>>> print(open('data_8.cif').read())   # mmCIF, N, CA and C atoms
data_entry
loop_
_atom_site.label_atom_id
_atom_site.label_comp_id
_atom_site.auth_asym_id
_atom_site.auth_seq_id
_atom_site.Cartn_x
_atom_site.Cartn_y
_atom_site.Cartn_z
N MET B 1 -8.65 -12.91 6.32
CA MET B 1 -7.40 -12.93 7.06
C MET B 1 -6.46 -11.82 6.56
N ILE B 2 -6.45 -11.60 5.26
CA ILE B 2 -5.56 -10.56 4.72
C ILE B 2 -6.01 -9.19 5.21
N HIS B 3 -7.32 -8.95 5.19
CA HIS B 3 -7.83 -7.65 5.66
C HIS B 3 -7.44 -7.42 7.11
N THR B 4 -7.54 -8.44 7.94
CA THR B 4 -7.18 -8.32 9.35
C THR B 4 -5.69 -8.00 9.50
N ALA B 5 -4.86 -8.67 8.71
CA ALA B 5 -3.41 -8.42 8.77
C ALA B 5 -3.08 -7.01 8.29
N VAL B 6 -3.69 -6.57 7.20
CA VAL B 6 -3.45 -5.22 6.69
C VAL B 6 -3.91 -4.19 7.72
N ALA B 7 -5.07 -4.39 8.30
CA ALA B 7 -5.59 -3.45 9.30
C ALA B 7 -4.67 -3.37 10.51
N ALA B 8 -4.18 -4.51 10.99
CA ALA B 8 -3.28 -4.51 12.15
C ALA B 8 -1.97 -3.79 11.83
N LEU B 9 -1.44 -4.03 10.65
CA LEU B 9 -0.20 -3.37 10.24
C LEU B 9 -0.41 -1.86 10.11
N MET B 10 -1.53 -1.48 9.51
CA MET B 10 -1.82 -0.05 9.35
C MET B 10 -2.05 0.62 10.69
N ASP B 11 -2.72 -0.05 11.61
CA ASP B 11 -2.94 0.51 12.94
C ASP B 11 -1.61 0.77 13.65
N ALA B 12 -0.69 -0.18 13.54
CA ALA B 12 0.62 -0.03 14.18
C ALA B 12 1.40 1.12 13.55
N CYS B 13 1.36 1.23 12.24
CA CYS B 13 2.07 2.31 11.55
C CYS B 13 1.44 3.67 11.85
N ALA B 14 0.13 3.72 11.91
CA ALA B 14 -0.56 4.97 12.24
C ALA B 14 -0.22 5.39 13.67
N ALA B 15 -0.18 4.44 14.58
CA ALA B 15 0.16 4.75 15.97
C ALA B 15 1.59 5.28 16.09
N ALA B 16 2.46 4.82 15.20
CA ALA B 16 3.85 5.28 15.19
C ALA B 16 3.99 6.62 14.46
N GLY B 17 2.91 7.05 13.81
CA GLY B 17 2.93 8.32 13.10
C GLY B 17 3.62 8.29 11.76
N THR B 18 3.75 7.10 11.17
CA THR B 18 4.48 6.98 9.90
C THR B 18 3.59 6.93 8.67
N ILE B 19 2.29 6.67 8.86
CA ILE B 19 1.38 6.67 7.72
C ILE B 19 0.16 7.54 8.02
N ARG B 20 -0.51 7.92 6.95
CA ARG B 20 -1.74 8.70 7.07
C ARG B 20 -2.80 7.87 7.80
N THR B 21 -3.72 8.57 8.43
CA THR B 21 -4.77 7.88 9.17
C THR B 21 -6.12 7.96 8.46
N ASP B 22 -6.16 8.59 7.30
CA ASP B 22 -7.42 8.78 6.59
C ASP B 22 -7.66 7.77 5.47
N VAL B 23 -6.86 6.71 5.42
CA VAL B 23 -7.00 5.69 4.39
C VAL B 23 -7.45 4.39 5.06
N PRO B 24 -8.63 3.89 4.68
CA PRO B 24 -9.10 2.64 5.30
C PRO B 24 -8.32 1.43 4.80
N ALA B 25 -8.21 0.45 5.67
CA ALA B 25 -7.50 -0.79 5.32
C ALA B 25 -8.13 -1.46 4.09
N SER B 26 -9.44 -1.32 3.93
CA SER B 26 -10.10 -1.93 2.77
C SER B 26 -9.58 -1.33 1.47
N ASP B 27 -9.24 -0.03 1.47
CA ASP B 27 -8.68 0.59 0.27
C ASP B 27 -7.29 0.03 -0.04
N ILE B 28 -6.50 -0.17 1.00
CA ILE B 28 -5.17 -0.73 0.80
C ILE B 28 -5.28 -2.17 0.30
N GLY B 29 -6.20 -2.92 0.87
CA GLY B 29 -6.42 -4.29 0.39
C GLY B 29 -6.81 -4.31 -1.08
N ALA B 30 -7.69 -3.40 -1.48
CA ALA B 30 -8.10 -3.33 -2.89
C ALA B 30 -6.92 -2.95 -3.77
N ALA B 31 -6.09 -2.01 -3.31
CA ALA B 31 -4.91 -1.62 -4.09
C ALA B 31 -3.94 -2.79 -4.24
N LEU B 32 -3.74 -3.54 -3.17
CA LEU B 32 -2.86 -4.71 -3.25
C LEU B 32 -3.41 -5.77 -4.20
N GLU B 33 -4.72 -5.97 -4.17
CA GLU B 33 -5.35 -6.91 -5.11
C GLU B 33 -5.13 -6.46 -6.54
N GLY B 34 -5.30 -5.17 -6.79
CA GLY B 34 -5.09 -4.64 -8.13
C GLY B 34 -3.66 -4.80 -8.59
N ILE B 35 -2.72 -4.54 -7.71
CA ILE B 35 -1.31 -4.71 -8.06
C ILE B 35 -1.03 -6.17 -8.37
N ALA B 36 -1.56 -7.07 -7.57
CA ALA B 36 -1.36 -8.50 -7.80
C ALA B 36 -1.95 -8.94 -9.14
N LEU B 37 -3.15 -8.45 -9.45
CA LEU B 37 -3.80 -8.84 -10.70
C LEU B 37 -3.09 -8.30 -11.92
N THR B 38 -2.64 -7.05 -11.86
CA THR B 38 -2.02 -6.45 -13.04
C THR B 38 -0.55 -6.81 -13.19
N SER B 39 0.03 -7.41 -12.17
CA SER B 39 1.45 -7.73 -12.22
C SER B 39 1.72 -9.22 -12.07
N ALA B 40 0.72 -10.04 -12.34
CA ALA B 40 0.86 -11.47 -12.10
C ALA B 40 1.63 -12.19 -13.19
N GLY B 41 1.71 -11.61 -14.36
CA GLY B 41 2.36 -12.29 -15.49
C GLY B 41 3.87 -12.36 -15.34
N PRO B 42 4.46 -13.22 -16.14
CA PRO B 42 5.92 -13.33 -16.13
C PRO B 42 6.56 -12.00 -16.56
N GLY B 43 7.63 -11.65 -15.91
CA GLY B 43 8.34 -10.44 -16.27
C GLY B 43 7.71 -9.17 -15.73
N HIS B 44 6.77 -9.26 -14.82
CA HIS B 44 6.08 -8.08 -14.30
C HIS B 44 6.53 -7.70 -12.90
N ARG B 45 7.57 -8.32 -12.41
CA ARG B 45 8.03 -8.03 -11.05
C ARG B 45 8.40 -6.55 -10.89
N GLU B 46 9.10 -5.99 -11.87
CA GLU B 46 9.50 -4.59 -11.77
C GLU B 46 8.28 -3.67 -11.72
N ARG B 47 7.26 -4.00 -12.49
CA ARG B 47 6.04 -3.21 -12.47
C ARG B 47 5.38 -3.27 -11.09
N ALA B 48 5.31 -4.48 -10.53
CA ALA B 48 4.72 -4.64 -9.20
C ALA B 48 5.49 -3.82 -8.17
N GLU B 49 6.81 -3.84 -8.25
CA GLU B 49 7.62 -3.07 -7.31
C GLU B 49 7.37 -1.57 -7.46
N ARG B 50 7.25 -1.08 -8.69
CA ARG B 50 6.97 0.34 -8.92
C ARG B 50 5.60 0.71 -8.34
N LEU B 51 4.61 -0.14 -8.57
CA LEU B 51 3.26 0.14 -8.08
C LEU B 51 3.22 0.12 -6.55
N LEU B 52 3.92 -0.83 -5.94
CA LEU B 52 3.98 -0.87 -4.48
C LEU B 52 4.67 0.37 -3.92
N ASP B 53 5.77 0.79 -4.57
CA ASP B 53 6.45 2.01 -4.13
C ASP B 53 5.52 3.21 -4.22
N LEU B 54 4.77 3.29 -5.29
CA LEU B 54 3.83 4.40 -5.47
C LEU B 54 2.76 4.39 -4.38
N MET B 55 2.21 3.22 -4.10
CA MET B 55 1.18 3.11 -3.08
C MET B 55 1.74 3.48 -1.70
N LEU B 56 2.91 2.94 -1.37
CA LEU B 56 3.51 3.23 -0.06
C LEU B 56 3.87 4.70 0.07
N ASP B 57 4.34 5.30 -1.00
CA ASP B 57 4.67 6.72 -0.95
C ASP B 57 3.42 7.55 -0.66
N GLY B 58 2.29 7.13 -1.22
CA GLY B 58 1.04 7.84 -0.99
C GLY B 58 0.53 7.71 0.44
N LEU B 59 0.98 6.71 1.16
CA LEU B 59 0.55 6.52 2.55
C LEU B 59 1.38 7.30 3.56
N ARG B 60 2.57 7.71 3.15
CA ARG B 60 3.46 8.38 4.09
C ARG B 60 2.88 9.71 4.58
N VAL B 61 3.13 9.99 5.83
CA VAL B 61 2.75 11.26 6.42
C VAL B 61 3.71 12.32 5.88
N ARG B 62 3.15 13.42 5.44
CA ARG B 62 3.95 14.53 4.92
C ARG B 62 4.04 15.63 5.96
N GLY B 63 5.11 16.37 5.91
CA GLY B 63 5.27 17.52 6.80
C GLY B 63 4.19 18.56 6.49
N ARG B 64 3.77 19.24 7.47
CA ARG B 64 2.74 20.28 7.32
C ARG B 64 3.41 21.62 7.00
N GLY B 65 2.83 22.34 6.03
CA GLY B 65 3.30 23.69 5.77
C GLY B 65 4.36 23.75 4.83
#
>>> encode(input="data_8.cif", output="structure tokens")
Amino acid sequence: MIHTAVAALMDACAAAGTIRTDVPASDIGAALEGIALTSAGPGHRERAERLLDLMLDGLRVRGRG
């Protein structure tokens, strides 16, 4: 269910031209799993937020040239 939700969200963002189209939803799912696993402990909210920001920044479409 999570993979389906991530794929649908990514498809909508790609159609809007706001994210890269060369990243499969399975990679994003794996990244989210990793963030959840490494940030699950108490006091790790800030780390999770930094990692999510980093991942989302990597998905953004950049200007060409």
>>> atom_distance(input="data_8.cif", atom1="atom CA of Val61 of chain B", atom2="atom C of Leu9 of chain B")
14.0 Å
>>> closest_residue(input="data_8.cif", among="B:Ile35, B:Ile19, B:Arg45, B:Pro24", to="Asp57 of chain B", atoms="only C-alpha atoms")
B:Ile19
>>> atom_distance(input="data_8.cif", atom1="atom N of Ala15 of chain B", atom2="atom CA of Glu33 of chain B")
23.3 Å
>>> axis_aligned_box(input="data_8.cif", around="segment 6-17 of chain B", padding_each_side="3 Å", output="AutoDock Vina command-line options")
--center_x -0.8 --center_y 0.9 --center_z 11.4 --size_x 15.6 --size_y 20.9 --size_z 15.4
>>> closest_residue(input="data_8.cif", among="B:Ala48, B:Ala40, B:Ala7, B:Met1", to="Asp27 of chain B", atoms="only C-alpha atoms")
B:Ala7
>>> select_by_dssp(input="data_8.cif", residues="chain B", states="alpha helix (DSSP H)", output="PyMOL selection string")
chain B and resi 2-16+25-38+45-59
>>> atom_distance(input="data_8.cif", atom1="atom CA of Arg60 of chain B", atom2="atom CA of Thr18 of chain B")
6.1 Å
>>> closest_residue(input="data_8.cif", among="B:His3, B:Thr38, B:Gly43, B:Val23", to="Leu59 of chain B", atoms="all atoms listed in the file")
B:Val23
>>> closest_residue(input="data_8.cif", among="B:Ser39, B:His44, B:Ala25, B:Ala16", to="Thr4 of chain B", atoms="only N, CA and C atoms")
B:Ala25
>>> closest_residue(input="data_8.cif", among="B:Val6, B:Gly41, B:Gly63, B:Ala14", to="Ser26 of chain B", atoms="only N, CA and C atoms")
B:Val6
